[in-house]
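Take a look at the structure below.
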Amino acid sequence: MSDELLDSLKNLVGKNGYLEAGDVGERYYTDPRGTGDVQPAFVLRPSTAGELSDIMKLCHAAAQPVVAQGGMTGLVGGGKPLGDEIPISFERMNRIEELDTKTNTMTVQCGTPLQTIQDHADQHDLLFPLDLGSRGSCTIGGNLSTNAGGNRVIRYGMARDLVLGVEAVLSDGTIVSSMNKFVKNNAGYDLKQLFIGSEGTLGLITRATLRLHRKPRSQIVGFCAAPGFDAVVDFMHHMQSAMGGNLSAFEVMWTSVYHAIIDAVPTVKAPLSRDYPFYILVEVMGGRPEHDQHVFETTLNEALETGLIVDAIISKSQSDVDDFWRVRDSMAEAMSKQHSPVGFDISLSIGDMEVFAAEIDKRLAASCNGVRHFIGGHLGDGNLHLVVAAGESDPPPREQIESLVYGLTGELKGSISAEHGIGMMKRSHLHQSRNPAELALMRTLKNSLDPKCLLNPGRIFEMPGTNATDSTHSSELL
Ligand code: ZN
C-alpha cells in the first residue's frame with residue numbers, strides 16, 4: 001500500500017477509525033483454526049456505510065484489496081488477511097437501530113453480535129431464530145454473508161430466510177440499499193440474495209432488516225435412541241406428521257459421537273445408556289404448553305410402541321432442556337479433543353446418508369490406517385458433520401482424508417459445504433459440488449460486481465489474472 005493511500009485513509013476515518021502497527025491485536029488475523037501467517041500492519045474500522053463507501057472509493061482507485069471481518073468465528077479461513085489486504089473490521093458498526101413490533105422486524109448494523117440480536121428480540125417477546133454455537137461472538141454481517149445455518153433450520157430456515165432487507169457497499173463504493181420490511185418483493189431481481197451467502201466477495205453487507213418471529217410459549221425436548229438409520233428417518237417423518245410446524249430441531253448423533261461426548265466433556269450428563277446405534281435430540285416449540293407436552297409425549301409413546309425408537313427421555317423443566325441441548329452442543333468440544341481431527345460439513349440427500357456412512361467407513365479403513373470417524377448433525381436439513389481423527393498411529397495426510405470424503409460426497413451429488421461456506425479452505429474441492437456452468441456464472445457475477453477483485457479476493461474461488469491466487473492452506477479444519 002502506498003503512503004499516499006495510507007494517509008488518505010487515515011484522514012478519512014479519523015483516529016478511532018483505524019489501528020496500526022503494535023495496536024493491531026492477534027484477533028485481526030486469528031480465527032478458530034488458528035493464527036494466520038500475515039499480520040496486518042493496518043486495520044480499518046469504519047463507523048457508517050457512508051464511511052465504508054468512501055474507503056472503497058479510495059481503495060478502488062488504488063486497486064487496494066480488502067478483507068471483511070466480523071466476529072472472526074468462521075471455520076473456513078475467509079476472514080484472515082492474505083498478502084497486502086487491509087482488514088475492514090465492523091466492530092464499530094454494532095448498533096441495533098430499530099425494533100418494529102408492528103412488522104416484527106429489527107434493523108441492525110452488520111457488526112452486531114448474534115446474541116445481542118437474540119436477546120433484544122427476546123425482551124420484546126419475539127424470536128430471532130438463527131442460532132449457532134458462536135452466538136456470543138459471531139456478528140450478523142458474517143452470519144448473512146455466509147448464510148449461516150445452525151440448529152433450527154428445519155423450522156425457520158437459514159440466515160437467508162430470516163432477512164427482508166440488506167444494505168451493502170460495492171467494491172467501487174456504491175451503496176446499494178434494499179432495506180424493505182415486507183416479505184413480498186418481486187420488483188425485478190432480489191438483489192439482497194447476491195450478498196447473502198457470497199462470503200463478502202460481491203459486496204460488503206453494512207445493515208440488514210431482519211425478520212422476527214413471535215416467541216413460542218413452550219419448548220419441549222426429547223432425547224431418544226433409535227435401533228437403526230431407517231428407523232431414524234421414519235421417526236423424523238412421524239414427528240413431522242404429528243407435530244407439524246412446531247418441530248424445531250431434529251439432531252442426530254451416531255453412537256461414536258455420543259460416546260465421545262460423554263467421555264470427553266465432563267459437564268455433560270448422559271441422558272441415556274451407551275448401548276444404542278443412534279441418538280436423536282428432537283424439539284418442539286408451540287403456543288400451548290400443557291397441550292404441547294401432552295401431544296409430544298403421546299407421539300413419542302407411539303414411536304416407542306412401533307419400534308421407531310427404543311428408549312427416550314422427555315424434558316420436564318428448563319434445566320432438562322438445557323441438559324439435553326448441552327449434549328448436542330458439546331459435539332464440537334468432544335471432537336476437538338480427538339487426535340488430529342479433520343472436520344467436514346456436508347449435505348446429502350437423506351436417502352444417501354446411510355450409504356455414505358457405510359462407504360466412508362470402508363474407504364477410510366482401506367486407505368487411512370487406524371483412523372476413527374464420528375458423524376452427527378442436522379438430519380432434517382440433510383446436513384452432516386463428519387470428523388475423521390487419527391487412532392493410535394500417526395494421522396494420514398489431511399489432503400488424503402479430504403479427497404476421500406469430498407470424492408464420495410461428489411459421487412453422491414452432495415454438497416461439500418452445507419453451512420460453513422468455502423472460504424480459503426475448501427475452494428480446491430468446489431468443483432466436486434458445482435458444475436462448470438455454475439462455476440462460470442459465479443465468476444461472471446464476481447467479475448461484473450468486482451472487476452478489480454478487491455473484496456475478499458480468493459475466497460470461494462480464484463479469479464485468474466488477479467491478485468487472488470494465493471494458495472494458502474490453513475491449519476486445521478473441524
Ligand atoms: Zn452445524
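Residue numbering restarts at 1 in every chain; chains get A, B, ... in the order shown in the C-alpha cells, and ligands count up from 1 in that same order.
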Discussion item. Could you list the protein, DNA and RNA residues that have any atom within 12 Å of ligand 1, counting only C-alpha atoms and all ligand atoms, and write them as a VMD selection string?
Written reply: chain A and resid 75 130 to 134 148 to 154 158 249 to 252 328 to 332 343 to 347 375 to 386 417 to 421 478
Writer output for current selection, N, CA and C atoms, as a compact mmCIF listing (two decimals), in the first residue's frame:
# COMPACT_ATOMS: atom_id res chain seq x y z
N LEU A 75 -15.22 -20.85 9.93
CA LEU A 75 -14.48 -22.11 10.02
C LEU A 75 -13.73 -22.46 8.75
N LEU A 130 -32.23 -17.68 14.30
CA LEU A 130 -30.90 -18.13 13.89
C LEU A 130 -30.07 -18.38 15.15
N ASP A 131 -29.46 -19.56 15.23
CA ASP A 131 -28.71 -19.89 16.45
C ASP A 131 -27.57 -20.84 16.14
N LEU A 132 -26.40 -20.48 16.61
CA LEU A 132 -25.24 -21.35 16.43
C LEU A 132 -24.30 -21.18 17.61
N GLY A 133 -23.37 -22.11 17.74
CA GLY A 133 -22.51 -22.16 18.92
C GLY A 133 -21.76 -20.88 19.20
N SER A 134 -21.38 -20.14 18.16
CA SER A 134 -20.56 -18.94 18.36
C SER A 134 -21.41 -17.69 18.55
N ALA A 148 -25.47 -18.41 7.33
CA ALA A 148 -25.29 -19.37 8.42
C ALA A 148 -26.54 -20.23 8.63
N GLY A 149 -26.33 -21.41 9.16
CA GLY A 149 -27.44 -22.36 9.39
C GLY A 149 -27.66 -22.56 10.88
N GLY A 150 -27.23 -23.69 11.39
CA GLY A 150 -27.37 -23.94 12.83
C GLY A 150 -28.49 -24.92 13.14
N ASN A 151 -29.03 -24.77 14.36
CA ASN A 151 -29.87 -25.83 14.91
C ASN A 151 -31.36 -25.76 14.57
N ARG A 152 -31.86 -24.62 14.14
CA ARG A 152 -33.32 -24.52 13.97
C ARG A 152 -33.73 -24.31 12.52
N VAL A 153 -32.84 -24.70 11.62
CA VAL A 153 -33.11 -24.52 10.19
C VAL A 153 -34.34 -25.32 9.77
N ILE A 154 -34.54 -26.48 10.37
CA ILE A 154 -35.66 -27.35 9.99
C ILE A 154 -36.99 -26.59 10.07
N MET A 158 -32.51 -21.01 6.90
CA MET A 158 -31.16 -20.49 7.15
C MET A 158 -31.21 -18.97 7.23
N ALA A 249 -36.32 -28.81 16.01
CA ALA A 249 -34.96 -29.38 15.85
C ALA A 249 -35.07 -30.89 15.76
N PHE A 250 -34.21 -31.46 14.93
CA PHE A 250 -34.12 -32.92 14.85
C PHE A 250 -32.65 -33.23 14.59
N GLU A 251 -31.92 -33.42 15.68
CA GLU A 251 -30.46 -33.56 15.62
C GLU A 251 -30.07 -35.01 15.90
N VAL A 252 -29.20 -35.53 15.08
CA VAL A 252 -28.86 -36.95 15.19
C VAL A 252 -27.38 -37.12 15.51
N ARG A 328 -25.79 -32.20 22.72
CA ARG A 328 -25.59 -31.90 21.29
C ARG A 328 -24.56 -30.78 21.08
N ASP A 329 -24.68 -29.74 21.92
CA ASP A 329 -23.78 -28.60 21.75
C ASP A 329 -22.33 -28.94 22.11
N SER A 330 -22.11 -30.05 22.81
CA SER A 330 -20.75 -30.43 23.20
C SER A 330 -20.04 -31.23 22.12
N MET A 331 -20.71 -31.45 21.01
CA MET A 331 -20.07 -32.23 19.95
C MET A 331 -18.75 -31.59 19.50
N ALA A 332 -18.79 -30.26 19.30
CA ALA A 332 -17.57 -29.59 18.81
C ALA A 332 -16.42 -29.76 19.81
N GLY A 343 -12.36 -32.02 10.15
CA GLY A 343 -13.82 -31.91 10.17
C GLY A 343 -14.41 -31.62 8.81
N PHE A 344 -15.65 -32.05 8.63
CA PHE A 344 -16.37 -31.83 7.37
C PHE A 344 -17.80 -31.40 7.68
N ASP A 345 -18.35 -30.62 6.77
CA ASP A 345 -19.71 -30.08 6.90
C ASP A 345 -20.38 -30.32 5.55
N ILE A 346 -21.04 -31.44 5.42
CA ILE A 346 -21.53 -31.80 4.08
C ILE A 346 -23.06 -31.94 4.07
N SER A 347 -23.63 -31.79 2.90
CA SER A 347 -25.06 -32.07 2.71
C SER A 347 -25.22 -33.26 1.78
N ILE A 375 -19.91 -39.17 13.25
CA ILE A 375 -20.91 -38.47 12.42
C ILE A 375 -22.07 -38.00 13.29
N GLY A 376 -22.48 -36.77 13.06
CA GLY A 376 -23.67 -36.24 13.72
C GLY A 376 -24.15 -35.06 12.90
N GLY A 377 -25.30 -34.51 13.25
CA GLY A 377 -25.69 -33.30 12.53
C GLY A 377 -27.17 -33.07 12.46
N HIS A 378 -27.50 -32.16 11.55
CA HIS A 378 -28.86 -31.65 11.42
C HIS A 378 -29.58 -32.50 10.37
N LEU A 379 -30.08 -33.65 10.80
CA LEU A 379 -30.60 -34.62 9.83
C LEU A 379 -31.74 -34.05 9.00
N GLY A 380 -32.61 -33.29 9.66
CA GLY A 380 -33.77 -32.76 8.95
C GLY A 380 -33.38 -31.86 7.78
N ASP A 381 -32.19 -31.28 7.84
CA ASP A 381 -31.73 -30.40 6.76
C ASP A 381 -30.82 -31.14 5.78
N GLY A 382 -30.59 -32.42 6.00
CA GLY A 382 -29.67 -33.16 5.13
C GLY A 382 -28.21 -32.82 5.39
N ASN A 383 -27.93 -32.26 6.56
CA ASN A 383 -26.58 -31.75 6.86
C ASN A 383 -25.89 -32.62 7.90
N LEU A 384 -24.76 -33.20 7.51
CA LEU A 384 -23.98 -33.99 8.46
C LEU A 384 -22.65 -33.32 8.75
N HIS A 385 -22.21 -33.42 10.01
CA HIS A 385 -20.85 -33.04 10.37
C HIS A 385 -20.08 -34.34 10.62
N LEU A 386 -19.05 -34.53 9.82
CA LEU A 386 -18.21 -35.72 9.94
C LEU A 386 -16.84 -35.29 10.45
N SER A 417 -20.12 -28.14 1.25
CA SER A 417 -20.32 -27.16 2.31
C SER A 417 -21.81 -26.96 2.53
N ALA A 418 -22.30 -27.44 3.66
CA ALA A 418 -23.72 -27.26 3.97
C ALA A 418 -23.98 -25.90 4.58
N GLU A 419 -23.11 -25.50 5.53
CA GLU A 419 -23.40 -24.26 6.26
C GLU A 419 -22.16 -23.47 6.63
N HIS A 420 -20.97 -23.97 6.40
CA HIS A 420 -19.76 -23.25 6.81
C HIS A 420 -19.17 -22.38 5.71
N GLY A 421 -19.58 -22.57 4.47
CA GLY A 421 -19.02 -21.81 3.36
C GLY A 421 -17.77 -22.48 2.78
N LEU A 478 -12.22 -28.38 11.43
CA LEU A 478 -13.00 -29.28 12.29
C LEU A 478 -14.47 -29.05 12.05
Fill in: Phe235 (chain A) environment, 9 Å, only C-alpha atoms, sequence neighbours closer than 4 positions dropped, as JSON, numbers by chain
{"A": [226, 230, 231, 239, 240, 303, 308, 309]}
Worksheet entry | Contacts of Thr267 (chain A) at 10 Å (only C-alpha atoms; same-chain gap of 3+ positions) as a list in words | Ile261, Ile262, Ala264, Ala270, Asp323, Arg326, Val327 and Ser330 of chain A
Fill in: Selected residue of minimal separation from Ile175 (chain A) among A:Leu300, A:Ile55, A:Val321, A:Val265, counting only C-alpha atoms
A:Ile55
Worksheet item: So which residues of region 254-291 of chain A fall under alpha helix (DSSP H) by DSSP, listed as JSON, numbers by chain?
Response: {"A": [255, 256, 257, 258, 259, 260, 261, 262, 263, 264, 289, 290, 291]}
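What separates CA of Glu167 (chain A) from CA of Phe195 (chain A) is a distance of 9.1 Å.
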Fill in: Distance of CA of Leu127 (chain A) from CA of Pro289 (chain A), expressed in Å to one decimal place
17.0 Å
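For the residues A:Asp394, A:Asp3, A:Asp320, A:Asp361, ranking by smallest atom-to-atom distance to Ala62 (chain A) using only C-alpha atoms places A:Asp3 first.
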Worksheet entry | From A:Leu455, A:Val163, A:Met463, A:Ala334, residue lying nearest Ala440 (chain A) [only C-alpha atoms] | A:Met463
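Using only C-alpha atoms for every distance, the candidate list A:Thr201, A:Asn104, A:Asn94, A:Ser349 yields A:Asn104 as the residue closest to Asp122 (chain A).
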Close residues, Val43 (chain A) itself excluded, 9 Å, only C-alpha atoms, min 3 positions apart in chain, as a PDB file with N, CA and C atoms, in the first residue's frame:
ATOM      1  N   GLY A  17     -10.898   5.385  13.720  1.00  0.00           N
ATOM      2  CA  GLY A  17     -11.313   4.557  12.578  1.00  0.00           C
ATOM      3  C   GLY A  17     -10.245   3.632  12.048  1.00  0.00           C
ATOM      4  N   TYR A  18      -9.070   3.610  12.701  1.00  0.00           N
ATOM      5  CA  TYR A  18      -8.036   2.677  12.232  1.00  0.00           C
ATOM      6  C   TYR A  18      -7.128   2.250  13.380  1.00  0.00           C
ATOM      7  N   LEU A  19      -6.419   1.171  13.163  1.00  0.00           N
ATOM      8  CA  LEU A  19      -5.379   0.701  14.079  1.00  0.00           C
ATOM      9  C   LEU A  19      -4.141   0.467  13.239  1.00  0.00           C
ATOM     10  N   GLU A  20      -2.988   0.667  13.828  1.00  0.00           N
ATOM     11  CA  GLU A  20      -1.779   0.353  13.060  1.00  0.00           C
ATOM     12  C   GLU A  20      -0.692  -0.196  13.957  1.00  0.00           C
ATOM     13  N   VAL A  24      -2.473  -3.429  16.352  1.00  0.00           N
ATOM     14  CA  VAL A  24      -3.224  -4.469  15.636  1.00  0.00           C
ATOM     15  C   VAL A  24      -3.057  -5.785  16.400  1.00  0.00           C
ATOM     16  N   TYR A  28      -7.182  -9.794  14.803  1.00  0.00           N
ATOM     17  CA  TYR A  28      -7.412  -9.378  13.420  1.00  0.00           C
ATOM     18  C   TYR A  28      -6.768 -10.324  12.409  1.00  0.00           C
ATOM     19  N   PRO A  40      -1.422  -8.105   9.746  1.00  0.00           N
ATOM     20  CA  PRO A  40      -1.630  -6.845   9.034  1.00  0.00           C
ATOM     21  C   PRO A  40      -1.017  -5.674   9.797  1.00  0.00           C
ATOM     22  N   ILE A  86      -6.107  -5.098   3.303  1.00  0.00           N
ATOM     23  CA  ILE A  86      -6.406  -4.339   4.523  1.00  0.00           C
ATOM     24  C   ILE A  86      -7.648  -4.952   5.163  1.00  0.00           C
ATOM     25  N   PRO A  87      -7.569  -5.405   6.405  1.00  0.00           N
ATOM     26  CA  PRO A  87      -8.782  -5.874   7.080  1.00  0.00           C
ATOM     27  C   PRO A  87      -9.729  -4.698   7.339  1.00  0.00           C
ATOM     28  N   ILE A  88     -11.009  -4.915   7.059  1.00  0.00           N
ATOM     29  CA  ILE A  88     -12.031  -3.939   7.433  1.00  0.00           C
ATOM     30  C   ILE A  88     -12.864  -4.580   8.531  1.00  0.00           C
ATOM     31  N   SER A  89     -12.658  -4.115   9.743  1.00  0.00           N
ATOM     32  CA  SER A  89     -13.379  -4.670  10.879  1.00  0.00           C
ATOM     33  C   SER A  89     -14.664  -3.881  11.104  1.00  0.00           C
TER      34      SER A  89
END
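In this structure, CA of Glu302 (chain A) sits 20.3 Å away from CA of Pro271 (chain A).
The neighbours of Thr103 (chain A) here are the residues that come within 12 Å of it, using only C-alpha atoms and leaving out any residue fewer than 2 positions away in the same chain; they are Glu98, Leu99, Asp100, Thr101, Thr105, Met106, Thr107, Leu126, Leu164, Asn180, Lys181, Phe182, Val183, Thr209, Leu210, Arg211, Leu212, His213 and Arg214 of chain A.
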Worksheet item: Near Gly71 (chain A), counting only C-alpha atoms, which residues have an atom at most 6 Å away, once you skip same-chain residues fewer than 5 positions from it, shown as number ranges by chain?
Response: A: 137-139
Fill in: strand (DSSP E) residues, from DSSP on the backbone, in region 63-169 of chain A, as a PyMOL selection string
chain A and resi 66-69+86-89+96-100+105-109+126-127+163-169
Counting only C-alpha atoms, what is within 12 Å of Gln39 (chain A), bar same-chain residues fewer than 2 positions away, as a PDB file with N, CA, C and O atoms, in the first residue's frame?
ATOM      1  N   GLU A  20      -2.988   0.667  13.828  1.00  0.00           N
ATOM      2  CA  GLU A  20      -1.779   0.353  13.060  1.00  0.00           C
ATOM      3  C   GLU A  20      -0.692  -0.196  13.957  1.00  0.00           C
ATOM      4  O   GLU A  20      -0.737  -0.070  15.177  1.00  0.00           O
ATOM      5  N   ALA A  21       0.238  -0.840  13.305  1.00  0.00           N
ATOM      6  CA  ALA A  21       1.424  -1.426  13.946  1.00  0.00           C
ATOM      7  C   ALA A  21       1.075  -2.207  15.210  1.00  0.00           C
ATOM      8  O   ALA A  21       0.264  -3.122  15.162  1.00  0.00           O
ATOM      9  N   GLY A  22       1.665  -1.824  16.332  1.00  0.00           N
ATOM     10  CA  GLY A  22       1.512  -2.581  17.566  1.00  0.00           C
ATOM     11  C   GLY A  22       0.087  -2.636  18.096  1.00  0.00           C
ATOM     12  O   GLY A  22      -0.251  -3.476  18.941  1.00  0.00           O
ATOM     13  N   ASP A  23      -0.783  -1.737  17.629  1.00  0.00           N
ATOM     14  CA  ASP A  23      -2.179  -1.746  18.098  1.00  0.00           C
ATOM     15  C   ASP A  23      -3.016  -2.816  17.404  1.00  0.00           C
ATOM     16  O   ASP A  23      -4.156  -3.061  17.794  1.00  0.00           O
ATOM     17  N   VAL A  24      -2.473  -3.429  16.352  1.00  0.00           N
ATOM     18  CA  VAL A  24      -3.224  -4.469  15.636  1.00  0.00           C
ATOM     19  C   VAL A  24      -3.057  -5.785  16.400  1.00  0.00           C
ATOM     20  O   VAL A  24      -2.018  -6.437  16.325  1.00  0.00           O
ATOM     21  N   GLY A  25      -4.082  -6.133  17.178  1.00  0.00           N
ATOM     22  CA  GLY A  25      -4.003  -7.342  18.005  1.00  0.00           C
ATOM     23  C   GLY A  25      -4.152  -8.613  17.174  1.00  0.00           C
ATOM     24  O   GLY A  25      -4.521  -8.572  15.997  1.00  0.00           O
ATOM     25  N   GLU A  26      -3.871  -9.736  17.851  1.00  0.00           N
ATOM     26  CA  GLU A  26      -3.951 -11.045  17.174  1.00  0.00           C
ATOM     27  C   GLU A  26      -5.330 -11.339  16.610  1.00  0.00           C
ATOM     28  O   GLU A  26      -5.483 -12.096  15.670  1.00  0.00           O
ATOM     29  N   ARG A  27      -6.347 -10.766  17.225  1.00  0.00           N
ATOM     30  CA  ARG A  27      -7.698 -11.130  16.787  1.00  0.00           C
ATOM     31  C   ARG A  27      -7.997 -10.679  15.357  1.00  0.00           C
ATOM     32  O   ARG A  27      -8.970 -11.124  14.773  1.00  0.00           O
ATOM     33  N   TYR A  28      -7.182  -9.794  14.803  1.00  0.00           N
ATOM     34  CA  TYR A  28      -7.412  -9.378  13.420  1.00  0.00           C
ATOM     35  C   TYR A  28      -6.768 -10.324  12.409  1.00  0.00           C
ATOM     36  O   TYR A  28      -6.863 -10.107  11.217  1.00  0.00           O
ATOM     37  N   TYR A  29      -6.093 -11.351  12.899  1.00  0.00           N
ATOM     38  CA  TYR A  29      -5.579 -12.365  11.965  1.00  0.00           C
ATOM     39  C   TYR A  29      -5.653 -13.772  12.554  1.00  0.00           C
ATOM     40  O   TYR A  29      -4.892 -14.660  12.191  1.00  0.00           O
ATOM     41  N   THR A  30      -6.647 -13.955  13.468  1.00  0.00           N
ATOM     42  CA  THR A  30      -6.813 -15.262  14.107  1.00  0.00           C
ATOM     43  C   THR A  30      -8.276 -15.676  14.014  1.00  0.00           C
ATOM     44  O   THR A  30      -9.172 -14.853  14.203  1.00  0.00           O
ATOM     45  N   THR A  35      -3.922 -18.913  14.146  1.00  0.00           N
ATOM     46  CA  THR A  35      -3.430 -17.595  13.771  1.00  0.00           C
ATOM     47  C   THR A  35      -2.869 -17.631  12.357  1.00  0.00           C
ATOM     48  O   THR A  35      -2.181 -18.573  11.986  1.00  0.00           O
ATOM     49  N   GLY A  36      -3.203 -16.605  11.581  1.00  0.00           N
ATOM     50  CA  GLY A  36      -2.781 -16.572  10.179  1.00  0.00           C
ATOM     51  C   GLY A  36      -1.315 -16.226  10.015  1.00  0.00           C
ATOM     52  O   GLY A  36      -0.643 -15.789  10.960  1.00  0.00           O
ATOM     53  N   ASP A  37      -0.844 -16.406   8.812  1.00  0.00           N
ATOM     54  CA  ASP A  37       0.573 -16.142   8.523  1.00  0.00           C
ATOM     55  C   ASP A  37       0.840 -14.650   8.338  1.00  0.00           C
ATOM     56  O   ASP A  37       1.966 -14.195   8.491  1.00  0.00           O
ATOM     57  N   ALA A  41      -0.528  -4.702   9.054  1.00  0.00           N
ATOM     58  CA  ALA A  41       0.081  -3.531   9.683  1.00  0.00           C
ATOM     59  C   ALA A  41      -0.956  -2.437   9.925  1.00  0.00           C
ATOM     60  O   ALA A  41      -0.701  -1.478  10.641  1.00  0.00           O
ATOM     61  N   PHE A  42      -2.148  -2.605   9.332  1.00  0.00           N
ATOM     62  CA  PHE A  42      -3.135  -1.526   9.335  1.00  0.00           C
ATOM     63  C   PHE A  42      -4.529  -2.149   9.244  1.00  0.00           C
ATOM     64  O   PHE A  42      -4.759  -3.035   8.424  1.00  0.00           O
ATOM     65  N   VAL A  43      -5.439  -1.701  10.108  1.00  0.00           N
ATOM     66  CA  VAL A  43      -6.815  -2.212  10.110  1.00  0.00           C
ATOM     67  C   VAL A  43      -7.763  -1.024  10.070  1.00  0.00           C
ATOM     68  O   VAL A  43      -7.584  -0.055  10.821  1.00  0.00           O
ATOM     69  N   LYS A  80      -9.253 -14.202   7.563  1.00  0.00           N
ATOM     70  CA  LYS A  80      -7.843 -13.914   7.849  1.00  0.00           C
ATOM     71  C   LYS A  80      -7.208 -13.198   6.656  1.00  0.00           C
ATOM     72  O   LYS A  80      -7.365 -13.627   5.519  1.00  0.00           O
ATOM     73  N   PRO A  81      -6.467 -12.093   6.910  1.00  0.00           N
ATOM     74  CA  PRO A  81      -5.881 -11.356   5.793  1.00  0.00           C
ATOM     75  C   PRO A  81      -4.791 -12.156   5.082  1.00  0.00           C
ATOM     76  O   PRO A  81      -4.087 -12.959   5.695  1.00  0.00           O
ATOM     77  N   LEU A  82      -4.708 -11.924   3.800  1.00  0.00           N
ATOM     78  CA  LEU A  82      -3.676 -12.552   2.963  1.00  0.00           C
ATOM     79  C   LEU A  82      -2.943 -11.434   2.234  1.00  0.00           C
ATOM     80  O   LEU A  82      -3.527 -10.396   1.925  1.00  0.00           O
ATOM     81  N   GLY A  83      -1.706 -11.668   1.912  1.00  0.00           N
ATOM     82  CA  GLY A  83      -0.936 -10.700   1.121  1.00  0.00           C
ATOM     83  C   GLY A  83      -0.999  -9.309   1.729  1.00  0.00           C
ATOM     84  O   GLY A  83      -0.809  -9.130   2.924  1.00  0.00           O
ATOM     85  N   ASP A  84      -1.322  -8.312   0.901  1.00  0.00           N
ATOM     86  CA  ASP A  84      -1.351  -6.929   1.409  1.00  0.00           C
ATOM     87  C   ASP A  84      -2.782  -6.422   1.633  1.00  0.00           C
ATOM     88  O   ASP A  84      -3.024  -5.218   1.633  1.00  0.00           O
ATOM     89  N   GLU A  85      -3.721  -7.357   1.822  1.00  0.00           N
ATOM     90  CA  GLU A  85      -5.105  -6.931   2.071  1.00  0.00           C
ATOM     91  C   GLU A  85      -5.211  -6.095   3.346  1.00  0.00           C
ATOM     92  O   GLU A  85      -4.552  -6.386   4.341  1.00  0.00           O
ATOM     93  N   ILE A  86      -6.107  -5.098   3.303  1.00  0.00           N
ATOM     94  CA  ILE A  86      -6.406  -4.339   4.523  1.00  0.00           C
ATOM     95  C   ILE A  86      -7.648  -4.952   5.163  1.00  0.00           C
ATOM     96  O   ILE A  86      -8.697  -5.010   4.520  1.00  0.00           O
ATOM     97  N   PRO A  87      -7.569  -5.405   6.405  1.00  0.00           N
ATOM     98  CA  PRO A  87      -8.782  -5.874   7.080  1.00  0.00           C
ATOM     99  C   PRO A  87      -9.729  -4.698   7.339  1.00  0.00           C
ATOM    100  O   PRO A  87      -9.288  -3.623   7.755  1.00  0.00           O
TER     101      PRO A  87
END
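Comparing A:His294, A:His124, A:Lys337, A:Arg427 by their smallest distance to Ala389 (chain A), the closest is A:Lys337 (using only C-alpha atoms).
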Worksheet item: Counting only C-alpha atoms, which of A:Gly50, A:Pro395, A:Gly188, A:Gly203 gets nearest to Asn447 (chain A)?
Response: A:Gly203
